[in-house]
>>> print(open('run14.cif').read())   # mmCIF, C-alpha atoms and all ligand atoms
data_protein
loop_
_atom_site.label_atom_id
_atom_site.label_comp_id
_atom_site.auth_asym_id
_atom_site.auth_seq_id
_atom_site.Cartn_x
_atom_site.Cartn_y
_atom_site.Cartn_z
CA MET A 1 3.99 94.41 135.09
CA PRO A 2 3.38 94.86 131.32
CA ALA A 3 6.52 95.80 129.39
CA ALA A 4 5.08 99.16 128.28
CA VAL A 5 4.44 100.25 131.88
CA GLU A 6 7.91 99.12 132.92
CA THR A 7 9.46 101.22 130.15
CA ALA A 8 7.34 104.23 131.04
CA SER A 9 8.61 104.16 134.63
CA ALA A 10 12.27 104.36 133.60
CA LEU A 11 13.74 107.87 134.00
CA PRO A 12 14.71 109.67 130.78
CA LEU A 13 18.49 109.88 130.38
CA THR A 14 18.82 113.59 131.09
CA VAL A 15 16.55 113.65 134.15
CA LEU A 16 18.73 113.91 137.26
CA ASN A 17 17.82 112.74 140.75
CA ASP A 18 17.85 115.25 143.63
CA GLU A 19 21.41 114.41 144.67
CA GLU A 20 22.68 114.79 141.09
CA LYS A 21 20.80 118.07 140.67
CA MET A 22 22.34 119.54 143.81
CA PHE A 23 25.80 118.29 142.85
CA GLN A 24 25.48 119.84 139.39
CA ALA A 25 24.13 123.14 140.74
CA ASN A 26 27.03 123.44 143.22
CA ILE A 27 29.64 122.86 140.52
CA ARG A 28 27.96 125.26 138.12
CA ARG A 29 27.98 127.94 140.83
CA PHE A 30 31.63 127.26 141.67
CA ALA A 31 32.59 127.37 137.98
CA ARG A 32 30.70 130.59 137.32
CA GLU A 33 31.63 132.49 140.47
CA ARG A 34 35.11 131.25 141.33
CA ILE A 35 36.69 130.04 138.07
CA GLY A 36 34.89 132.35 135.64
CA PRO A 37 36.65 135.59 136.63
CA HIS A 38 40.10 134.01 136.13
CA VAL A 39 39.60 132.09 132.87
CA ARG A 40 41.12 134.65 130.53
CA ALA A 41 44.15 135.37 132.71
CA MET A 42 44.85 131.66 133.26
CA ASP A 43 44.58 131.04 129.51
CA GLU A 44 47.03 133.85 128.79
CA ALA A 45 49.47 132.74 131.48
CA GLY A 46 49.10 129.06 130.59
CA VAL A 47 48.81 128.23 134.28
CA PHE A 48 45.92 127.04 136.46
CA ARG A 49 45.68 128.93 139.75
CA LYS A 50 46.79 126.96 142.80
CA ASP A 51 44.08 128.46 145.02
CA LEU A 52 41.37 127.22 142.62
CA LEU A 53 42.96 123.78 142.55
CA GLN A 54 42.85 123.74 146.33
CA GLU A 55 39.19 124.80 146.25
CA MET A 56 38.45 121.94 143.87
CA PHE A 57 39.94 119.53 146.43
CA GLU A 58 37.93 121.15 149.25
CA LEU A 59 34.72 120.84 147.24
CA GLY A 60 35.38 117.12 146.76
CA LEU A 61 35.79 117.53 143.01
CA MET A 62 39.10 115.68 142.93
CA GLY A 63 37.90 112.55 144.73
CA ILE A 64 34.37 112.04 143.44
CA GLU A 65 34.49 108.23 143.32
CA ILE A 66 36.98 107.65 146.14
CA PRO A 67 35.19 105.95 149.06
CA GLU A 68 34.11 108.27 151.89
CA GLU A 69 36.15 106.38 154.49
CA PHE A 70 39.30 107.56 152.64
CA GLY A 71 38.16 111.18 152.37
CA GLY A 72 36.41 110.93 148.98
CA GLN A 73 32.79 111.60 148.02
CA GLY A 74 31.77 107.97 147.47
CA GLY A 75 30.07 109.02 144.23
CA ASN A 76 29.77 107.30 140.87
CA PHE A 77 31.16 107.71 137.36
CA PHE A 78 28.07 109.58 136.17
CA GLN A 79 28.74 112.26 138.78
CA SER A 80 32.30 112.65 137.48
CA VAL A 81 30.83 113.12 134.01
CA LEU A 82 28.39 115.75 135.33
CA ALA A 83 31.26 117.59 137.04
CA VAL A 84 33.38 117.64 133.88
CA GLU A 85 30.45 118.90 131.81
CA ALA A 86 29.57 121.71 134.24
CA LEU A 87 33.18 122.89 134.52
CA ALA A 88 33.78 122.75 130.76
CA ALA A 89 30.95 125.20 130.09
CA VAL A 90 33.08 127.80 131.88
CA ASP A 91 36.63 126.49 131.47
CA PRO A 92 37.56 123.29 129.59
CA SER A 93 41.01 123.42 131.27
CA ALA A 94 39.45 123.10 134.73
CA ALA A 95 37.32 120.31 133.30
CA VAL A 96 40.25 118.26 132.02
CA ILE A 97 42.10 118.58 135.33
CA VAL A 98 39.07 117.09 137.10
CA ASP A 99 38.56 114.62 134.25
CA VAL A 100 42.05 113.11 134.45
CA GLN A 101 42.03 113.06 138.24
CA ASN A 102 38.70 111.23 138.52
CA THR A 103 37.95 109.24 135.40
CA ILE A 104 41.54 108.18 134.75
CA ALA A 105 43.76 108.34 137.86
CA ASN A 106 41.34 107.66 140.71
CA ASN A 107 39.48 105.23 138.49
CA ILE A 108 42.64 103.24 137.72
CA LEU A 109 43.37 102.88 141.44
CA ILE A 110 39.77 101.97 142.29
CA ARG A 111 39.72 99.24 139.64
CA TRP A 112 43.25 97.88 139.80
CA GLY A 113 44.87 98.95 143.07
CA ASN A 114 45.39 96.46 145.93
CA ASP A 115 44.32 97.26 149.50
CA ASP A 116 47.75 98.58 150.46
CA GLN A 117 47.94 100.89 147.42
CA LYS A 118 44.41 102.18 148.07
CA ARG A 119 45.23 102.83 151.73
CA ARG A 120 48.39 104.72 150.74
CA TYR A 121 47.07 106.76 147.80
CA TYR A 122 43.30 107.28 148.18
CA PRO A 123 43.59 109.85 151.01
CA LYS A 124 46.25 111.84 149.13
CA LEU A 125 44.30 111.88 145.87
CA ALA A 126 41.11 112.96 147.64
CA ARG A 127 42.82 115.60 149.81
CA ASP A 128 45.61 117.45 148.03
CA THR A 129 47.53 115.44 145.44
CA VAL A 130 46.97 115.88 141.72
CA ALA A 131 47.52 112.74 139.62
CA ALA A 132 48.52 112.12 135.99
CA PHE A 133 48.41 109.26 133.49
CA GLY A 134 51.57 108.61 131.48
CA LEU A 135 51.07 106.39 128.45
CA SER A 136 52.01 108.35 125.30
CA GLU A 137 55.55 108.85 124.02
CA ALA A 138 57.10 110.73 121.10
CA GLY A 139 57.09 107.57 118.98
CA SER A 140 53.90 105.97 120.30
CA GLY A 141 50.58 107.82 120.35
CA SER A 142 47.74 106.02 118.58
CA ASP A 143 50.03 102.99 118.57
CA ALA A 144 50.46 103.39 122.33
CA PHE A 145 51.81 99.93 123.03
CA ALA A 146 54.85 100.48 120.80
CA MET A 147 56.31 102.38 123.76
CA ALA A 148 60.07 102.52 124.25
CA THR A 149 60.12 103.08 128.03
CA ARG A 150 61.62 100.07 129.77
CA ALA A 151 61.36 98.71 133.31
CA THR A 152 63.96 96.29 134.69
CA ARG A 153 63.53 94.42 137.95
CA LYS A 154 66.45 95.00 140.34
CA GLY A 155 65.79 93.28 143.67
CA ASP A 156 63.03 95.06 145.57
CA HIS A 157 62.46 97.71 142.93
CA PHE A 158 62.09 98.34 139.20
CA SER A 159 64.44 100.67 137.37
CA ILE A 160 62.53 102.61 134.70
CA THR A 161 64.15 104.53 131.84
CA GLY A 162 62.39 106.43 129.06
CA ARG A 163 60.38 109.53 128.25
CA LYS A 164 56.66 110.18 128.28
CA LEU A 165 55.12 112.98 126.25
CA TRP A 166 51.91 115.01 126.43
CA ILE A 167 51.10 114.23 130.05
CA THR A 168 48.10 116.20 131.34
CA ASN A 169 48.36 117.50 134.94
CA ALA A 170 52.08 116.65 134.93
CA ALA A 171 53.23 120.06 136.21
CA GLU A 172 50.99 119.97 139.30
CA ALA A 173 50.93 116.22 139.95
CA GLY A 174 52.46 114.37 142.88
CA VAL A 175 51.51 110.88 141.65
CA TYR A 176 51.84 109.42 138.15
CA PHE A 177 50.27 106.22 136.83
CA LEU A 178 52.92 105.42 134.30
CA PHE A 179 53.40 102.64 131.75
CA ALA A 180 56.65 100.88 130.82
CA ASN A 181 57.51 97.59 129.18
CA ALA A 182 59.01 95.17 131.73
CA ASN A 183 59.39 92.34 129.22
CA PRO A 184 59.89 93.61 125.64
CA GLU A 185 60.25 90.05 124.25
CA ALA A 186 56.61 89.49 125.20
CA GLY A 187 55.57 92.54 123.14
CA HIS A 188 52.52 94.36 124.53
CA ARG A 189 52.16 91.63 127.16
CA GLY A 190 55.22 93.07 128.89
CA ILE A 191 53.58 96.45 129.45
CA THR A 192 53.18 97.23 133.13
CA CYS A 193 51.58 100.08 135.06
CA PHE A 194 53.59 101.67 137.90
CA ILE A 195 52.63 104.17 140.56
CA VAL A 196 55.44 106.73 140.50
CA GLU A 197 55.76 109.54 143.02
CA ARG A 198 57.23 112.86 141.96
CA ASN A 199 60.08 112.60 144.47
CA PHE A 200 61.25 109.12 143.39
CA SER A 201 64.91 109.15 142.43
CA GLY A 202 65.48 109.37 138.65
CA PHE A 203 62.12 111.04 137.96
CA GLN A 204 61.77 114.51 136.49
CA VAL A 205 59.02 116.60 134.93
CA GLY A 206 60.35 118.02 131.64
CA LYS A 207 59.28 120.64 129.13
CA LYS A 208 55.78 122.08 129.29
CA GLU A 209 53.97 122.43 125.96
CA ASP A 210 52.82 125.83 124.67
CA LYS A 211 49.40 124.93 123.28
CA LEU A 212 46.59 126.18 121.04
CA GLY A 213 43.86 125.51 123.60
CA ILE A 214 43.19 124.26 127.14
CA ARG A 215 46.26 126.33 127.90
CA ALA A 216 45.75 126.45 131.67
CA SER A 217 45.90 122.65 131.81
CA SER A 218 49.54 121.59 131.97
CA THR A 219 50.87 119.14 129.36
CA CYS A 220 54.49 118.07 129.98
CA GLU A 221 57.15 115.58 129.18
CA LEU A 222 58.19 113.11 131.89
CA ILE A 223 61.83 112.03 132.03
CA LEU A 224 62.76 108.75 133.70
CA ASP A 225 66.43 108.02 134.09
CA GLU A 226 66.83 104.76 136.01
CA CYS A 227 63.88 105.86 138.10
CA GLN A 228 63.56 103.61 141.13
CA VAL A 229 60.05 102.33 141.75
CA PRO A 230 59.41 99.88 144.61
CA VAL A 231 57.99 96.51 143.57
CA GLU A 232 54.91 97.19 145.71
CA ASN A 233 54.09 100.09 143.35
CA VAL A 234 53.29 97.80 140.42
CA LEU A 235 49.58 98.35 139.73
CA GLY A 236 47.68 95.16 138.99
CA GLU A 237 50.33 92.72 137.82
CA VAL A 238 53.47 92.83 135.71
CA GLY A 239 52.30 92.49 132.07
CA LYS A 240 48.74 93.68 132.73
CA GLY A 241 49.46 97.28 131.75
CA TYR A 242 47.97 97.09 128.26
CA LYS A 243 44.67 95.82 129.66
CA ILE A 244 44.69 98.46 132.40
CA ALA A 245 45.40 101.23 129.87
CA ILE A 246 42.75 100.12 127.35
CA GLU A 247 40.04 99.62 129.93
CA THR A 248 40.80 102.90 131.68
CA LEU A 249 40.76 104.88 128.43
CA ASN A 250 37.53 103.16 127.33
CA GLU A 251 35.89 104.72 130.39
CA GLY A 252 37.80 107.99 130.39
CA ARG A 253 36.74 108.91 126.88
CA ILE A 254 33.09 109.16 127.96
CA ALA A 255 34.19 112.08 130.12
CA ILE A 256 36.03 113.71 127.21
CA GLY A 257 32.67 113.54 125.42
CA SER A 258 31.26 115.27 128.46
CA GLN A 259 33.96 117.94 128.37
CA MET A 260 33.09 118.67 124.73
CA THR A 261 29.34 118.71 125.47
CA GLY A 262 29.86 121.19 128.31
CA LEU A 263 32.13 123.32 126.14
CA ALA A 264 29.49 123.41 123.39
CA GLN A 265 26.80 124.33 125.91
CA GLY A 266 28.95 127.18 127.19
CA ALA A 267 29.44 128.46 123.63
CA LEU A 268 25.71 128.22 122.88
CA ASP A 269 24.77 130.08 126.09
CA HIS A 270 27.12 132.92 125.16
CA ALA A 271 25.75 132.98 121.59
CA VAL A 272 22.11 133.13 122.74
CA ALA A 273 22.82 135.98 125.17
CA TYR A 274 24.76 137.92 122.55
CA ALA A 275 22.14 137.37 119.83
CA LYS A 276 19.48 138.89 122.10
CA GLN A 277 21.41 142.08 122.75
CA ARG A 278 23.33 142.75 119.51
CA GLN A 279 21.31 145.06 117.27
CA GLN A 280 21.61 145.24 113.48
CA PHE A 281 19.08 146.59 110.98
CA GLY A 282 17.23 148.11 113.93
CA LYS A 283 16.56 144.91 115.85
CA PRO A 284 18.34 142.20 117.86
CA ILE A 285 20.09 139.71 115.57
CA ALA A 286 18.12 136.98 117.44
CA ASP A 287 15.05 138.23 115.53
CA PHE A 288 16.54 137.03 112.23
CA GLN A 289 15.51 133.54 111.24
CA GLY A 290 19.01 132.85 109.87
CA VAL A 291 20.42 133.31 113.39
CA GLN A 292 17.55 131.44 115.07
CA PHE A 293 18.14 128.41 112.84
CA GLU A 294 21.85 128.42 113.68
CA LEU A 295 21.02 128.41 117.39
CA ALA A 296 18.40 125.68 116.94
CA GLU A 297 20.86 123.42 115.13
CA MET A 298 23.54 124.01 117.75
CA ALA A 299 21.11 123.15 120.58
CA THR A 300 19.99 119.97 118.81
CA ASP A 301 23.57 118.78 118.28
CA ILE A 302 24.36 119.41 121.94
CA GLU A 303 21.31 117.47 123.09
CA ALA A 304 22.32 114.52 120.90
CA ALA A 305 25.89 114.61 122.23
CA ARG A 306 24.65 114.80 125.83
CA LEU A 307 22.37 111.78 125.31
CA LEU A 308 25.28 109.72 123.96
CA VAL A 309 27.52 110.78 126.85
CA TYR A 310 24.96 110.20 129.60
CA ASN A 311 24.01 106.86 128.09
CA GLY A 312 27.68 105.78 128.01
CA ALA A 313 28.17 106.83 131.63
CA ARG A 314 24.97 105.21 132.86
CA LEU A 315 25.78 101.96 131.00
CA ARG A 316 29.21 101.96 132.62
CA ASP A 317 27.76 102.53 136.12
CA ALA A 318 25.19 99.77 135.50
CA GLY A 319 28.01 97.33 134.71
CA MET A 320 26.71 96.84 131.16
CA PRO A 321 28.80 96.81 127.93
CA PHE A 322 29.62 100.39 126.95
CA VAL A 323 32.82 100.42 124.85
CA THR A 324 31.17 101.13 121.47
CA GLU A 325 28.81 103.68 123.01
CA ALA A 326 31.78 105.40 124.71
CA ALA A 327 33.65 105.66 121.41
CA MET A 328 30.53 107.05 119.72
CA ALA A 329 30.03 109.57 122.52
CA LYS A 330 33.59 110.87 122.30
CA TYR A 331 33.68 110.89 118.51
CA PHE A 332 30.35 112.69 118.16
CA ALA A 333 30.66 115.10 121.09
CA SER A 334 34.11 116.26 119.97
CA GLN A 335 32.70 117.06 116.52
CA VAL A 336 29.84 118.94 118.16
CA GLY A 337 32.22 120.84 120.44
CA GLU A 338 34.28 122.06 117.52
CA ASN A 339 31.29 122.83 115.30
CA VAL A 340 29.19 124.64 117.90
CA ALA A 341 32.13 126.72 119.15
CA SER A 342 32.93 127.70 115.56
CA ARG A 343 29.32 128.76 114.89
CA ALA A 344 29.24 130.69 118.18
CA VAL A 345 32.25 132.70 117.00
CA GLU A 346 30.32 133.55 113.82
CA ILE A 347 27.21 134.65 115.76
CA PHE A 348 29.43 137.10 117.64
CA GLY A 349 30.70 138.44 114.31
CA GLY A 350 34.00 140.34 114.44
CA VAL A 351 34.18 140.51 118.24
CA GLY A 352 33.89 136.73 118.36
CA PHE A 353 37.31 136.60 116.77
CA THR A 354 38.87 138.60 119.60
CA LYS A 355 40.00 137.63 123.07
CA ASP A 356 37.57 140.15 124.59
CA TYR A 357 34.76 137.58 124.30
CA PRO A 358 34.85 134.00 125.63
CA VAL A 359 33.90 132.11 122.45
CA GLU A 360 37.32 132.58 120.84
CA LYS A 361 38.88 130.56 123.66
CA LEU A 362 36.18 127.86 123.56
CA TYR A 363 36.83 127.49 119.82
CA ARG A 364 40.55 126.94 120.46
CA ASP A 365 39.82 124.62 123.41
CA ALA A 366 37.49 122.46 121.31
CA LYS A 367 40.23 121.22 118.95
CA ILE A 368 41.78 118.85 121.47
CA GLY A 369 38.58 116.80 121.78
CA ARG A 370 39.30 115.04 118.50
CA ILE A 371 42.88 114.24 119.48
CA TYR A 372 43.43 113.10 123.07
CA GLU A 373 42.29 109.84 124.66
CA GLY A 374 42.26 108.36 121.15
CA THR A 375 41.87 110.40 117.95
CA SER A 376 38.58 110.41 116.04
CA ASN A 377 40.02 107.77 113.70
CA MET A 378 40.74 105.50 116.69
CA GLN A 379 37.14 105.93 117.91
CA LYS A 380 35.83 105.04 114.46
CA MET A 381 38.04 101.95 114.43
CA THR A 382 36.49 100.82 117.74
CA ILE A 383 32.97 101.40 116.40
CA ALA A 384 33.71 99.64 113.09
CA LYS A 385 35.29 96.66 114.89
CA GLN A 386 32.06 96.11 116.76
CA LEU A 387 30.05 96.36 113.52
CA LEU A 388 32.26 94.03 111.54
CA GLY A 389 33.17 91.59 114.30
C1 LIG A 401 46.87 118.45 125.16
C2 LIG A 401 47.17 116.97 125.16
C3 LIG A 401 47.02 116.26 126.34
C4 LIG A 401 47.33 114.89 126.36
N1 LIG A 401 47.26 114.22 127.56
C5 LIG A 401 47.75 112.95 127.62
C6 LIG A 401 47.88 112.27 128.89
O1 LIG A 401 47.51 112.81 129.95
N2 LIG A 401 48.44 111.04 128.90
C7 LIG A 401 48.85 110.42 127.77
O2 LIG A 401 49.34 109.29 127.87
N3 LIG A 401 48.73 111.01 126.55
C8 LIG A 401 48.20 112.26 126.46
N4 LIG A 401 48.09 112.89 125.23
C9 LIG A 401 48.52 112.20 124.03
C10 LIG A 401 47.34 111.87 123.10
O3 LIG A 401 46.57 110.85 123.63
C11 LIG A 401 47.94 111.56 121.73
O4 LIG A 401 48.42 112.79 121.18
C12 LIG A 401 46.92 110.91 120.81
O5 LIG A 401 46.61 109.62 121.24
C13 LIG A 401 47.43 110.85 119.36
O6 LIG A 401 48.71 110.34 119.27
P1 LIG A 401 49.83 111.12 118.42
O7 LIG A 401 49.84 112.52 118.88
O8 LIG A 401 51.10 110.37 118.52
O9 LIG A 401 49.29 111.10 116.95
P2 LIG A 401 49.51 109.92 115.88
O10 LIG A 401 49.19 108.60 116.52
O11 LIG A 401 50.82 110.11 115.23
O12 LIG A 401 48.35 110.24 114.85
C14 LIG A 401 48.49 111.23 113.81
C15 LIG A 401 47.30 111.11 112.89
O13 LIG A 401 47.30 109.82 112.25
C16 LIG A 401 46.08 109.17 112.47
N5 LIG A 401 46.29 107.71 112.58
C17 LIG A 401 47.26 107.09 113.30
N6 LIG A 401 47.14 105.77 113.18
C18 LIG A 401 46.07 105.54 112.38
C19 LIG A 401 45.43 104.38 111.88
N7 LIG A 401 45.83 103.14 112.21
N8 LIG A 401 44.34 104.54 111.09
C20 LIG A 401 43.89 105.76 110.76
N9 LIG A 401 44.46 106.91 111.20
C21 LIG A 401 45.53 106.79 112.01
C22 LIG A 401 45.50 109.76 113.73
O14 LIG A 401 44.09 109.62 113.79
C23 LIG A 401 45.96 111.21 113.62
O15 LIG A 401 45.04 111.93 112.85
C24 LIG A 401 47.75 114.25 125.18
C25 LIG A 401 47.87 114.98 124.00
C26 LIG A 401 47.62 116.33 123.97
C27 LIG A 401 47.82 117.09 122.70
#
>>> encode(input="run14.cif", output="structure tokens", more="lines below")
Ligand SMILES: Cc1cc2nc3c(=O)[nH]c(=O)nc-3n(C[C@H](O)[C@H](O)[C@H](O)COP(=O)(O)OP(=O)(O)OC[C@H]3O[C@@H](n4cnc5c(N)ncnc54)[C@H](O)[C@@H]3O)c2cc1C
Amino acid sequence: MPAAVETASALPLTVLNDEEKMFQANIRRFARERIGPHVRAMDEAGVFRKDLLQEMFELGLMGIEIPEEFGGQGGNFFQSVLAVEALAAVDPSAAVIVDVQNTIANNILIRWGNDDQKRRYYPKLARDTVAAFGLSEAGSGSDAFAMATRATRKGDHFSITGRKLWITNAAEAGVYFLFANANPEAGHRGITCFIVERNFSGFQVGKKEDKLGIRASSTCELILDECQVPVENVLGEVGKGYKIAIETLNEGRIAIGSQMTGLAQGALDHAVAYAKQRQQFGKPIADFQGVQFELAEMATDIEAARLLVYNGARLRDAGMPFVTEAAMAKYFASQVGENVASRAVEIFGGVGFTKDYPVEKLYRDAKIGRIYEGTSNMQKMTIAKQLLG
């Protein structure tokens, strides 16, 4: 077949197959009808409703890539990205709960867990157990591998002592994929990933942060005081934690790009609807070219962000190199999220600045995109490293 014909038969990035379309439509409906009415109250309370969390499990949203034989959906990474995007348009907090569960926690177990660990944890994670990822500490954020948490082997278990900070899903979680250094003399090569259950002795969930945005998503400290973790709960191998963390975050950040793309789409949809009904100077503000151009620029930025995100996810599912593309997707989409949400507030005028309209919350929620799963500077470092070798 001539190359041109071959190229022409490839599906454009944003064209979904029937299964993906149905999956996306179901999540959009769930987000709009079930989550939508509670978004403002959950933001104010700083708590995500338990009944909605349970519904997310029942819909299969918490085990998208877990194999069907263990109660999951047997889906792929791209579907996780679609789910995060659709949820974020309504509530970026719901999106990050699903994001961490699927693209970080479940993903880490799928890639690095042994058969026994998968048999023990897959069914829980697909059915009713929220999971969290504990890497950051007070003294180690961007420089994550400078962590102070230590693990010492004592017979058939490890004793872990230290504190983790900023852990998403920590308040609701039952399982934590947590990093500690088991051999500090070896530097980052001592870092090890452990599967820690909430009821393990010496483990405690600490203070919950009071945040600017994504307030319904919990972010807490984890306190480990000689926490006893059985040897069989080492994920991968002792000393492989740095590799596990890097590779997991490389993938996870595509979904943060997706969260920011969905958030921006939600803000644009609100802005378009408002511009059509708000009248000034005797006509809808959507009739003014100044407003139309704003909307056009916002839509173009979102399309570009979505293309980067979908390309990163599809590269990852195809088993092709994707690390630079993932960093670009997260870096760009988080800029777009912040910028589009800010412009949406302006299109609403004064009411956009109040809590009576949804764009104020999306604007606050957007800020985190440039911070977690590697700040924008860290993404730029990854991109530059690839350019400069
Ligand atoms: C709401 C929320 C949820 C989070 N969820 C999780 C989670 O679930 N699990 C988890 O492990 N962590 C989580 N984090 C932590 C998050 O990943 C870190 O906050 C982030 O990596 C930045 O680290 P830091 O806060 O220590 O900032 P720092 O690393 O102190 O960075 C401060 C500033 O310095 C810049 N900087 C640092 N080093 C360099 C450099 N070499 N070159 C240029 N600029 C640099 C940064 O870009 C940033 O602007 C979460 C954080 C928040 C706020």
>>> closest_atom_pairs(input="run14.cif", of="chain A", to="ligand LIG 401 (chain A)", cutoff="8 Å", atoms="all atoms listed in the file", output="CSV")
residue,atom,partner,partner_atom,distance
A:Val100,CA,A:LIG401,O1,7.1
A:Ala132,CA,A:LIG401,O1,6.2
A:Phe133,CA,A:LIG401,N2,4.9
A:Gly134,CA,A:LIG401,O2,4.3
A:Leu135,CA,A:LIG401,O2,3.4
A:Ser136,CA,A:LIG401,O2,3.8
A:Glu137,CA,A:LIG401,O8,7.2
A:Ala138,CA,A:LIG401,O8,6.5
A:Gly139,CA,A:LIG401,O8,6.6
A:Ser140,CA,A:LIG401,O8,5.5
A:Gly141,CA,A:LIG401,O8,3.2
A:Ser142,CA,A:LIG401,O10,3.6
A:Asp143,CA,A:LIG401,O10,6.0
A:Ala144,CA,A:LIG401,O5,7.4
A:Lys164,CA,A:LIG401,O2,7.4
A:Leu165,CA,A:LIG401,N3,6.7
A:Trp166,CA,A:LIG401,C24,4.4
A:Ile167,CA,A:LIG401,O1,3.9
A:Thr168,CA,A:LIG401,O1,3.7
A:Asn169,CA,A:LIG401,O1,6.9
A:Ala170,CA,A:LIG401,O1,7.8
A:Lys211,CA,A:LIG401,C1,7.2
A:Gly213,CA,A:LIG401,C1,7.8
A:Ile214,CA,A:LIG401,C1,7.2
A:Ser217,CA,A:LIG401,C1,7.9
A:Ser218,CA,A:LIG401,C1,8.0
A:Thr219,CA,A:LIG401,C3,5.7
A:Ile368,CA,A:LIG401,C1,6.3
A:Ile371,CA,A:LIG401,C12,5.4
A:Tyr372,CA,A:LIG401,O3,3.9
A:Glu373,CA,A:LIG401,O3,4.5
A:Gly374,CA,A:LIG401,O5,4.5
A:Thr375,CA,A:LIG401,O14,4.8
A:Ser376,CA,A:LIG401,O14,6.0
A:Asn377,CA,A:LIG401,O14,4.5
A:Met378,CA,A:LIG401,O14,6.1
A:Met381,CA,A:LIG401,N8,7.6
>>> atom_distance(input="run14.cif", atom1="atom CA of Asn107 of chain A", atom2="atom CA of Ala94 of chain A")
18.3 Å
>>> axis_aligned_box(input="run14.cif", around="segment 46-54 of chain A", padding_each_side="4 Å", output="JSON")
{"center_x": 45.2, "center_y": 126.4, "center_z": 138.5, "size_x": 15.7, "size_y": 13.3, "size_z": 23.7}
>>> atom_distance(input="run14.cif", atom1="atom CA of Glu303 of chain A", atom2="atom CA of Arg40 of chain A")
27.3 Å
>>> residues_around(input="run14.cif", residues="segment 71-74 of chain A", least_positions_apart="6", cutoff="7 Å", atoms="only C-alpha atoms", output="number ranges by chain")
A: 60, 63-65, 123, 126-127
>>> atom_distance(input="run14.cif", atom1="atom CA of Pro358 of chain A", atom2="atom CA of Met22 of chain A")
26.4 Å
>>> closest_residue(input="run14.cif", among="A:Ala275, A:Leu61, A:Gly46, A:Asn76", to="Asn26 of chain A", atoms="only C-alpha atoms")
A:Leu61
>>> residues_around(input="run14.cif", residues="segment 284-295 of chain A", least_positions_apart="6", cutoff="8 Å", atoms="all atoms listed in the file", output="list in words")
Leu268, Ala271, Val272, Ala275, Lys276, Gln277, Arg278, Arg343 and Ile347 of chain A
>>> write_last_selection(input="run14.cif", atoms="C-alpha atoms", output="compact mmCIF listing (two decimals), in the frame of the given file")
# COMPACT_ATOMS: atom_id res chain seq x y z
CA LEU A 268 25.71 128.22 122.88
CA ALA A 271 25.75 132.98 121.59
CA VAL A 272 22.11 133.13 122.74
CA ALA A 275 22.14 137.37 119.83
CA LYS A 276 19.48 138.89 122.10
CA GLN A 277 21.41 142.08 122.75
CA ARG A 278 23.33 142.75 119.51
CA ARG A 343 29.32 128.76 114.89
CA ILE A 347 27.21 134.65 115.76
>>> closest_residue(input="run14.cif", among="A:Ile191, A:Val130, A:Leu224, A:Ile160", to="Gln204 of chain A", atoms="only C-alpha atoms")
A:Leu224
>>> residues_around(input="run14.cif", residues="Val345 of chain A", least_positions_apart="3", cutoff="8 Å", atoms="all atoms listed in the file", output="list in words")
Ala271, Ala341, Ser342, Phe348, Gly349, Gly352, Phe353, Val359, Glu360 and Tyr363 of chain A
